[in-house]
file start12.txt (compact mmCIF, C-alpha atoms and all ligand atoms)
# COMPACT_ATOMS: atom_id res chain seq x y z
CA MET A 1 -78.22 -11.38 -58.19
CA LYS A 2 -74.58 -10.56 -58.64
CA GLU A 3 -72.39 -13.31 -59.93
CA TYR A 4 -68.96 -13.43 -58.34
CA LYS A 5 -66.82 -14.92 -61.06
CA TYR A 6 -63.74 -12.76 -61.58
CA LYS A 7 -60.87 -14.41 -59.73
CA TYR A 8 -57.83 -12.42 -58.61
CA GLU A 9 -54.78 -13.74 -56.83
CA MET A 10 -53.90 -11.46 -53.90
CA HIS A 11 -50.51 -12.86 -52.93
CA MET A 12 -47.79 -14.20 -55.22
CA HIS A 13 -44.08 -13.97 -55.85
CA THR A 14 -41.69 -13.86 -58.77
CA ALA A 15 -38.06 -14.95 -58.99
CA TRP A 16 -37.01 -11.47 -60.12
CA ALA A 17 -37.72 -9.73 -56.82
CA SER A 18 -38.24 -12.54 -54.29
CA ALA A 19 -35.18 -14.63 -53.41
CA CYS A 20 -37.51 -17.58 -52.71
CA GLY A 21 -39.36 -17.16 -56.03
CA HIS A 22 -38.83 -19.76 -58.76
CA SER A 23 -40.62 -18.43 -61.83
CA ALA A 24 -40.38 -15.37 -64.05
CA PRO A 25 -43.21 -12.82 -63.85
CA GLU A 26 -44.56 -13.80 -67.28
CA GLU A 27 -44.63 -17.48 -66.29
CA MET A 28 -46.58 -16.65 -63.14
CA ALA A 29 -49.05 -14.47 -65.06
CA ARG A 30 -49.55 -17.16 -67.68
CA ALA A 31 -50.19 -19.84 -65.04
CA TYR A 32 -52.93 -17.78 -63.39
CA PHE A 33 -54.42 -16.76 -66.74
CA GLU A 34 -54.59 -20.38 -67.85
CA ALA A 35 -56.15 -21.37 -64.52
CA GLY A 36 -59.05 -19.00 -65.22
CA TYR A 37 -58.03 -15.97 -63.15
CA ARG A 38 -58.93 -12.49 -64.33
CA GLY A 39 -56.00 -10.91 -62.57
CA VAL A 40 -53.13 -11.12 -60.11
CA VAL A 41 -51.39 -8.83 -57.69
CA ILE A 42 -47.63 -9.31 -57.61
CA THR A 43 -46.55 -9.10 -53.97
CA ASP A 44 -42.82 -9.74 -53.94
CA HIS A 45 -40.91 -9.62 -50.67
CA PHE A 46 -39.83 -6.08 -49.88
CA LEU A 47 -36.42 -4.92 -48.66
CA ARG A 48 -36.54 -6.15 -45.06
CA GLY A 49 -37.89 -9.49 -46.25
CA ASN A 50 -36.59 -12.13 -48.63
CA THR A 51 -36.02 -9.75 -51.50
CA ALA A 52 -33.94 -10.55 -54.58
CA VAL A 53 -33.24 -6.85 -55.11
CA ASP A 54 -29.65 -5.72 -54.51
CA ARG A 55 -29.91 -3.76 -51.26
CA SER A 56 -26.68 -1.87 -51.97
CA LEU A 57 -28.21 0.04 -54.89
CA PRO A 58 -29.44 3.62 -54.52
CA TRP A 59 -33.12 3.91 -53.57
CA GLU A 60 -34.35 4.76 -57.03
CA ASP A 61 -32.53 1.82 -58.64
CA LYS A 62 -33.78 -0.55 -55.96
CA MET A 63 -37.35 0.56 -56.48
CA ARG A 64 -37.07 0.28 -60.26
CA ALA A 65 -35.70 -3.26 -59.85
CA TYR A 66 -38.54 -4.11 -57.48
CA TRP A 67 -41.09 -2.72 -59.97
CA ARG A 68 -39.70 -4.62 -62.97
CA PRO A 69 -41.60 -7.93 -62.43
CA TYR A 70 -44.86 -6.00 -62.49
CA GLU A 71 -43.89 -4.30 -65.76
CA ALA A 72 -42.93 -7.61 -67.36
CA ALA A 73 -46.12 -9.38 -66.30
CA ARG A 74 -48.22 -6.42 -67.40
CA ALA A 75 -46.52 -6.44 -70.80
CA TRP A 76 -47.27 -10.15 -71.11
CA ALA A 77 -50.94 -9.49 -70.32
CA GLN A 78 -51.32 -6.81 -73.04
CA GLY A 79 -54.32 -7.62 -75.21
CA LYS A 80 -55.59 -10.37 -72.90
CA GLU A 81 -58.54 -10.23 -70.53
CA PHE A 82 -56.14 -10.30 -67.64
CA THR A 83 -55.12 -7.55 -65.25
CA VAL A 84 -51.77 -7.40 -63.50
CA LEU A 85 -51.63 -5.19 -60.42
CA PHE A 86 -48.71 -4.10 -58.29
CA GLY A 87 -48.44 -4.87 -54.60
CA VAL A 88 -45.87 -5.31 -51.85
CA GLU A 89 -45.31 -7.88 -49.12
CA HIS A 90 -43.55 -5.79 -46.49
CA TYR A 91 -41.72 -7.45 -43.61
CA TYR A 92 -42.24 -5.29 -40.54
CA GLY A 93 -40.44 -7.37 -37.93
CA ASP A 94 -40.63 -10.55 -35.82
CA GLY A 95 -41.36 -12.64 -38.89
CA LYS A 96 -44.52 -10.65 -39.64
CA GLU A 97 -45.51 -9.28 -43.02
CA VAL A 98 -48.19 -7.02 -44.43
CA LEU A 99 -49.65 -7.24 -47.93
CA THR A 100 -49.94 -3.80 -49.46
CA TYR A 101 -52.25 -2.89 -52.34
CA GLY A 102 -53.08 0.21 -54.35
CA ILE A 103 -49.65 1.84 -54.47
CA ASP A 104 -47.24 2.28 -57.37
CA LEU A 105 -43.69 3.16 -58.37
CA ASP A 106 -44.25 6.88 -57.77
CA PHE A 107 -45.25 6.09 -54.21
CA LEU A 108 -42.08 4.03 -53.67
CA LEU A 109 -39.84 6.67 -55.23
CA SER A 110 -41.34 9.40 -53.07
CA HIS A 111 -40.87 7.41 -49.83
CA PRO A 112 -37.13 6.70 -49.54
CA ASP A 113 -36.32 4.00 -46.96
CA LEU A 114 -39.98 3.06 -46.72
CA HIS A 115 -38.94 -0.38 -45.42
CA GLU A 116 -37.40 1.27 -42.34
CA TYR A 117 -40.59 3.10 -41.35
CA SER A 118 -42.29 2.08 -38.12
CA LEU A 119 -45.32 -0.07 -38.83
CA GLU A 120 -47.61 2.79 -37.85
CA ASP A 121 -45.86 5.22 -40.21
CA TYR A 122 -45.79 2.65 -43.00
CA CYS A 123 -49.54 2.07 -42.73
CA ALA A 124 -50.24 5.81 -42.53
CA ALA A 125 -48.19 6.50 -45.69
CA VAL A 126 -49.96 3.73 -47.62
CA HIS A 127 -53.38 4.94 -46.49
CA GLU A 128 -52.55 8.52 -47.38
CA ALA A 129 -51.83 7.29 -50.91
CA GLY A 130 -55.16 5.48 -51.05
CA GLY A 131 -53.74 2.01 -50.42
CA PHE A 132 -55.12 -1.02 -48.62
CA LEU A 133 -53.38 -3.30 -46.12
CA SER A 134 -53.94 -6.94 -45.19
CA HIS A 135 -51.89 -8.74 -42.57
CA ALA A 136 -50.29 -11.75 -44.30
CA HIS A 137 -50.65 -15.18 -42.64
CA PRO A 138 -50.80 -13.67 -39.10
CA PHE A 139 -50.47 -16.99 -37.30
CA ARG A 140 -48.16 -18.97 -39.55
CA HIS A 141 -46.01 -21.30 -37.51
CA ALA A 142 -42.62 -21.74 -39.07
CA SER A 143 -39.07 -21.88 -37.86
CA TYR A 144 -38.28 -18.40 -39.19
CA LEU A 145 -41.15 -16.80 -37.26
CA ASN A 146 -41.38 -15.74 -33.65
CA GLY A 147 -44.71 -17.21 -32.58
CA ASP A 148 -44.66 -15.40 -29.23
CA ILE A 149 -45.19 -12.00 -30.82
CA PRO A 150 -48.80 -11.32 -31.79
CA PRO A 151 -49.68 -9.80 -35.17
CA HIS A 152 -50.25 -6.04 -35.13
CA VAL A 153 -53.42 -5.44 -37.07
CA GLU A 154 -54.62 -2.19 -35.53
CA HIS A 155 -53.51 -0.05 -38.50
CA MET A 156 -54.64 -2.54 -41.14
CA ASP A 157 -57.78 -2.93 -43.22
CA ALA A 158 -57.90 -6.68 -43.49
CA ILE A 159 -56.47 -10.00 -42.40
CA GLU A 160 -55.36 -12.80 -44.73
CA VAL A 161 -57.66 -15.44 -43.22
CA PHE A 162 -56.80 -18.05 -45.83
CA ASN A 163 -53.25 -18.62 -46.96
CA PHE A 164 -52.97 -21.72 -49.14
CA TYR A 165 -49.72 -22.89 -47.54
CA ASN A 166 -50.78 -22.35 -43.92
CA HIS A 167 -51.93 -25.18 -41.69
CA ASP A 168 -55.71 -25.18 -41.19
CA GLU A 169 -55.36 -24.25 -37.53
CA ASP A 170 -53.23 -21.21 -38.43
CA ASN A 171 -55.93 -20.05 -40.87
CA ASP A 172 -58.63 -20.71 -38.24
CA GLN A 173 -56.77 -18.49 -35.79
CA ALA A 174 -56.59 -15.75 -38.43
CA ALA A 175 -60.33 -16.01 -39.06
CA ALA A 176 -60.97 -15.72 -35.32
CA LEU A 177 -58.86 -12.56 -35.24
CA ALA A 178 -60.90 -11.13 -38.12
CA LYS A 179 -64.06 -11.86 -36.16
CA ASP A 180 -62.70 -10.21 -33.01
CA THR A 181 -61.47 -7.12 -34.80
CA GLY A 182 -64.20 -6.78 -37.43
CA LEU A 183 -61.55 -6.28 -40.11
CA LEU A 184 -62.09 -7.31 -43.72
CA THR A 185 -60.60 -10.58 -44.94
CA THR A 186 -58.44 -11.71 -47.85
CA SER A 187 -57.26 -15.03 -49.27
CA GLY A 188 -53.93 -15.66 -50.94
CA GLY A 189 -52.09 -18.48 -52.66
CA ASP A 190 -48.65 -17.20 -51.64
CA GLU A 191 -47.36 -18.95 -54.75
CA HIS A 192 -43.65 -18.91 -55.50
CA ILE A 193 -43.70 -21.15 -58.60
CA CYS A 194 -45.82 -21.31 -61.74
CA THR A 195 -46.66 -24.99 -61.19
CA GLY A 196 -47.81 -24.48 -57.59
CA ASP A 197 -50.94 -26.11 -56.20
CA GLY A 198 -52.19 -22.80 -54.80
CA ILE A 199 -52.97 -21.58 -58.33
CA GLY A 200 -56.75 -21.97 -58.66
CA ARG A 201 -57.28 -22.49 -54.95
CA ALA A 202 -56.94 -19.05 -53.37
CA GLY A 203 -57.58 -15.37 -53.91
CA VAL A 204 -60.65 -13.16 -54.01
CA VAL A 205 -63.55 -13.15 -56.43
CA PHE A 206 -65.36 -10.05 -57.69
CA ALA A 207 -68.70 -9.51 -59.45
CA GLN A 208 -67.04 -6.93 -61.71
CA ALA A 209 -63.45 -7.06 -62.88
CA PRO A 210 -61.30 -4.22 -61.51
CA ARG A 211 -58.92 -2.86 -64.17
CA ASP A 212 -56.64 -0.75 -62.02
CA ASN A 213 -55.54 -0.04 -58.45
CA LYS A 214 -58.32 2.42 -57.84
CA GLU A 215 -61.14 0.09 -58.86
CA PHE A 216 -59.47 -2.80 -57.05
CA VAL A 217 -59.09 -0.97 -53.73
CA ALA A 218 -62.61 0.47 -54.00
CA LEU A 219 -64.10 -3.02 -54.27
CA LEU A 220 -61.98 -4.28 -51.37
CA ARG A 221 -62.93 -1.33 -49.18
CA ALA A 222 -66.60 -1.79 -50.02
CA GLY A 223 -66.29 -5.45 -49.05
CA ASP A 224 -67.78 -6.32 -52.43
CA TYR A 225 -66.08 -9.66 -53.02
CA LYS A 226 -65.96 -13.27 -51.92
CA LEU A 227 -63.03 -15.50 -51.07
CA ASN A 228 -61.54 -18.44 -52.92
CA VAL A 229 -60.68 -21.06 -50.30
CA LYS A 230 -59.25 -24.32 -51.61
CA GLY A 231 -61.01 -23.68 -54.93
CA GLN A 232 -64.43 -23.05 -53.35
CA ILE A 233 -66.07 -19.62 -53.50
CA VAL A 234 -67.09 -18.69 -49.95
CA GLU A 235 -68.31 -15.63 -48.04
CA LYS A 236 -65.84 -13.15 -46.54
CA ASP A 237 -66.62 -14.35 -43.01
CA TRP A 238 -65.36 -17.81 -43.90
CA GLY A 239 -64.16 -19.65 -40.83
CA GLN A 240 -65.68 -17.15 -38.36
CA ARG A 241 -68.22 -19.38 -36.63
ZN ZN B 301 -41.26 -16.12 -50.06
ZN ZN B 302 -45.72 -14.19 -49.55

call {"tool": "encode", "arguments": {"input": "start12.txt", "output": "structure tokens"}}
result
Amino acid sequence: MKEYKYKYEMHMHTAWASACGHSAPEEMARAYFEAGYRGVVITDHFLRGNTAVDRSLPWEDKMRAYWRPYEAARAWAQGKEFTVLFGVEHYYGDGKEVLTYGIDLDFLLSHPDLHEYSLEDYCAAVHEAGGFLSHAHPFRHASYLNGDIPPHVEHMDAIEVFNFYNHDEDNDQAAALAKDTGLLTTSGGDEHICTGDGIGRAGVVFAQAPRDNKEFVALLRAGDYKLNVKGQIVEKDWGQR
């Protein structure tokens, strides 16, 4: 029987590229490493969201600034059994965001004004590059969100059914949407600080440790993982009963 023991955080922020982030990339990586994770995906807020990147810069400079936290965390992880992957949390409108995996700096550089794409075009470009998309906290209720607009998941691969900082009922609604749509599921801590309570209590768990984007996306696509929900390892259909 496969043992699912390699924990990866799917959703976290750094102070370098997220205006709401509080910790440096290396501090975030260290916190997850020390909490027993095998890897993290850095998903800073992209340009239409709460980015810390100077929007007035030329595209290439903006993208290099956005990429820098990943480089720093990856450098910190050198020589450790810890994998840092690059991701994006893209704001597509009405307070809604999509977590994007399996893309890299070359992809960003070759898609100028990616943040202005329609959601459909954004998803198509990511998929063409071999990426994977999960709708972040689709039913989060917060003052900055328009709760009347439903999440648009039709071009996505998965739904973040557990977000550590969501209310339980918001996560339950997300799980129900996953059941209705048959989409895959993800779990994320949405951590913004290296001392956060979500560290250790969210993410996905693999039976083999992916070392790069390709291996990571392949395991997600194959559905070969479990979820970390409040520190418990549960099946992907968690909450769908
Ligand atoms: Zn944030
Ligand atoms: Zn986030």

call {"tool": "closest_atom_pairs", "arguments": {"input": "start12.txt", "of": "chain A", "to": "ligand ZN 302 (chain B)", "cutoff": "7 Å", "atoms": "only C-alpha atoms and all ligand atoms", "output": "Markdown table"}}
result
| residue | atom | partner | partner_atom | distance |
| --- | --- | --- | --- | --- |
| A:His11 | CA | B:ZN302 | ZN | 6.0 |
| A:Met12 | CA | B:ZN302 | ZN | 6.0 |
| A:His13 | CA | B:ZN302 | ZN | 6.5 |
| A:Thr43 | CA | B:ZN302 | ZN | 6.8 |
| A:Asp44 | CA | B:ZN302 | ZN | 6.9 |
| A:His45 | CA | B:ZN302 | ZN | 6.7 |
| A:Glu89 | CA | B:ZN302 | ZN | 6.3 |
| A:Asp190 | CA | B:ZN302 | ZN | 4.7 |

call {"tool": "residues_near_ligand", "arguments": {"input": "start12.txt", "ligand": "ligand ZN 301 (chain B)", "cutoff": "7 Å", "atoms": "all atoms listed in the file", "output": "PyMOL selection string"}}
result
chain A and resi 13+18+20-21+45+50+192

call {"tool": "write_last_selection", "arguments": {"input": "start12.txt", "atoms": "C-alpha atoms", "output": "mmCIF file, in the frame of the given file"}}
result
data_model
loop_
_atom_site.group_PDB
_atom_site.id
_atom_site.type_symbol
_atom_site.label_atom_id
_atom_site.label_comp_id
_atom_site.auth_asym_id
_atom_site.auth_seq_id
_atom_site.Cartn_x
_atom_site.Cartn_y
_atom_site.Cartn_z
ATOM 1 C CA HIS A 13 -44.080 -13.970 -55.850
ATOM 2 C CA SER A 18 -38.240 -12.540 -54.290
ATOM 3 C CA CYS A 20 -37.510 -17.580 -52.710
ATOM 4 C CA GLY A 21 -39.360 -17.160 -56.030
ATOM 5 C CA HIS A 45 -40.910 -9.620 -50.670
ATOM 6 C CA ASN A 50 -36.590 -12.130 -48.630
ATOM 7 C CA HIS A 192 -43.650 -18.910 -55.500
#

call {"tool": "residues_around", "arguments": {"input": "start12.txt", "residues": "His135 (chain A)", "least_positions_apart": "6", "cutoff": "7 Å", "atoms": "only C-alpha atoms", "output": "CSV table (one decimal) with C-alpha atoms, in the frame of the given file"}}
result
chain,number,residue,atom,x,y,z
A,97,GLU,CA,-45.5,-9.3,-43.0
A,98,VAL,CA,-48.2,-7.0,-44.4
A,99,LEU,CA,-49.6,-7.2,-47.9
A,153,VAL,CA,-53.4,-5.4,-37.1
A,156,MET,CA,-54.6,-2.5,-41.1
A,158,ALA,CA,-57.9,-6.7,-43.5
A,159,ILE,CA,-56.5,-10.0,-42.4
A,160,GLU,CA,-55.4,-12.8,-44.7

call {"tool": "atom_distance", "arguments": {"input": "start12.txt", "atom1": "CA of Ile193 (chain A)", "atom2": "CA of His22 (chain A)"}}
result
5.1 Å

call {"tool": "closest_residue", "arguments": {"input": "start12.txt", "among": "A:Cys194, A:Val40, A:Glu116, A:Asp106", "to": "Ala15 (chain A)", "atoms": "all atoms listed in the file"}}
result
A:Cys194

call {"tool": "residues_around", "arguments": {"input": "start12.txt", "residues": "Asp54 (chain A)", "least_positions_apart": "5", "cutoff": "10 Å", "atoms": "all atoms listed in the file", "output": "list in words"}}
result
Ala17, Leu47, Asp61, Lys62, Ala65 and Tyr66 of chain A

call {"tool": "closest_residue", "arguments": {"input": "start12.txt", "among": "A:Thr83, A:Gln208, A:Gln240, A:Thr51", "to": "Thr181 (chain A)", "atoms": "only C-alpha atoms"}}
result
A:Gln240

call {"tool": "residues_around", "arguments": {"input": "start12.txt", "residues": "region 210-218 of chain A", "least_positions_apart": "2", "cutoff": "9 Å", "atoms": "all atoms listed in the file", "output": "CSV table (one decimal) with C-alpha atoms, in the coordinates of the input"}}
result
chain,number,residue,atom,x,y,z
A,6,TYR,CA,-63.7,-12.8,-61.6
A,39,GLY,CA,-56.0,-10.9,-62.6
A,82,PHE,CA,-56.1,-10.3,-67.6
A,83,THR,CA,-55.1,-7.6,-65.2
A,84,VAL,CA,-51.8,-7.4,-63.5
A,85,LEU,CA,-51.6,-5.2,-60.4
A,86,PHE,CA,-48.7,-4.1,-58.3
A,101,TYR,CA,-52.2,-2.9,-52.3
A,102,GLY,CA,-53.1,0.2,-54.4
A,103,ILE,CA,-49.6,1.8,-54.5
A,104,ASP,CA,-47.2,2.3,-57.4
A,130,GLY,CA,-55.2,5.5,-51.0
A,131,GLY,CA,-53.7,2.0,-50.4
A,132,PHE,CA,-55.1,-1.0,-48.6
A,206,PHE,CA,-65.4,-10.0,-57.7
A,208,GLN,CA,-67.0,-6.9,-61.7
A,220,LEU,CA,-62.0,-4.3,-51.4
A,221,ARG,CA,-62.9,-1.3,-49.2
A,222,ALA,CA,-66.6,-1.8,-50.0
A,223,GLY,CA,-66.3,-5.4,-49.0
A,224,ASP,CA,-67.8,-6.3,-52.4

call {"tool": "residues_near_point", "arguments": {"input": "start12.txt", "point": "(-46.2, -6.8, -61.2)", "cutoff": "7 Å", "atoms": "only C-alpha atoms", "output": "PyMOL selection string"}}
result
chain A and resi 41-42+67+69-71+73-74+84-86

call {"tool": "residues_near_point", "arguments": {"input": "start12.txt", "point": "(-49.9, -22.8, -53.3)", "cutoff": "7 Å", "atoms": "only C-alpha atoms", "output": "list in words"}}
result
Phe164, Tyr165, Gly189, Asp190, Glu191, Gly196, Asp197, Gly198 and Ile199 of chain A
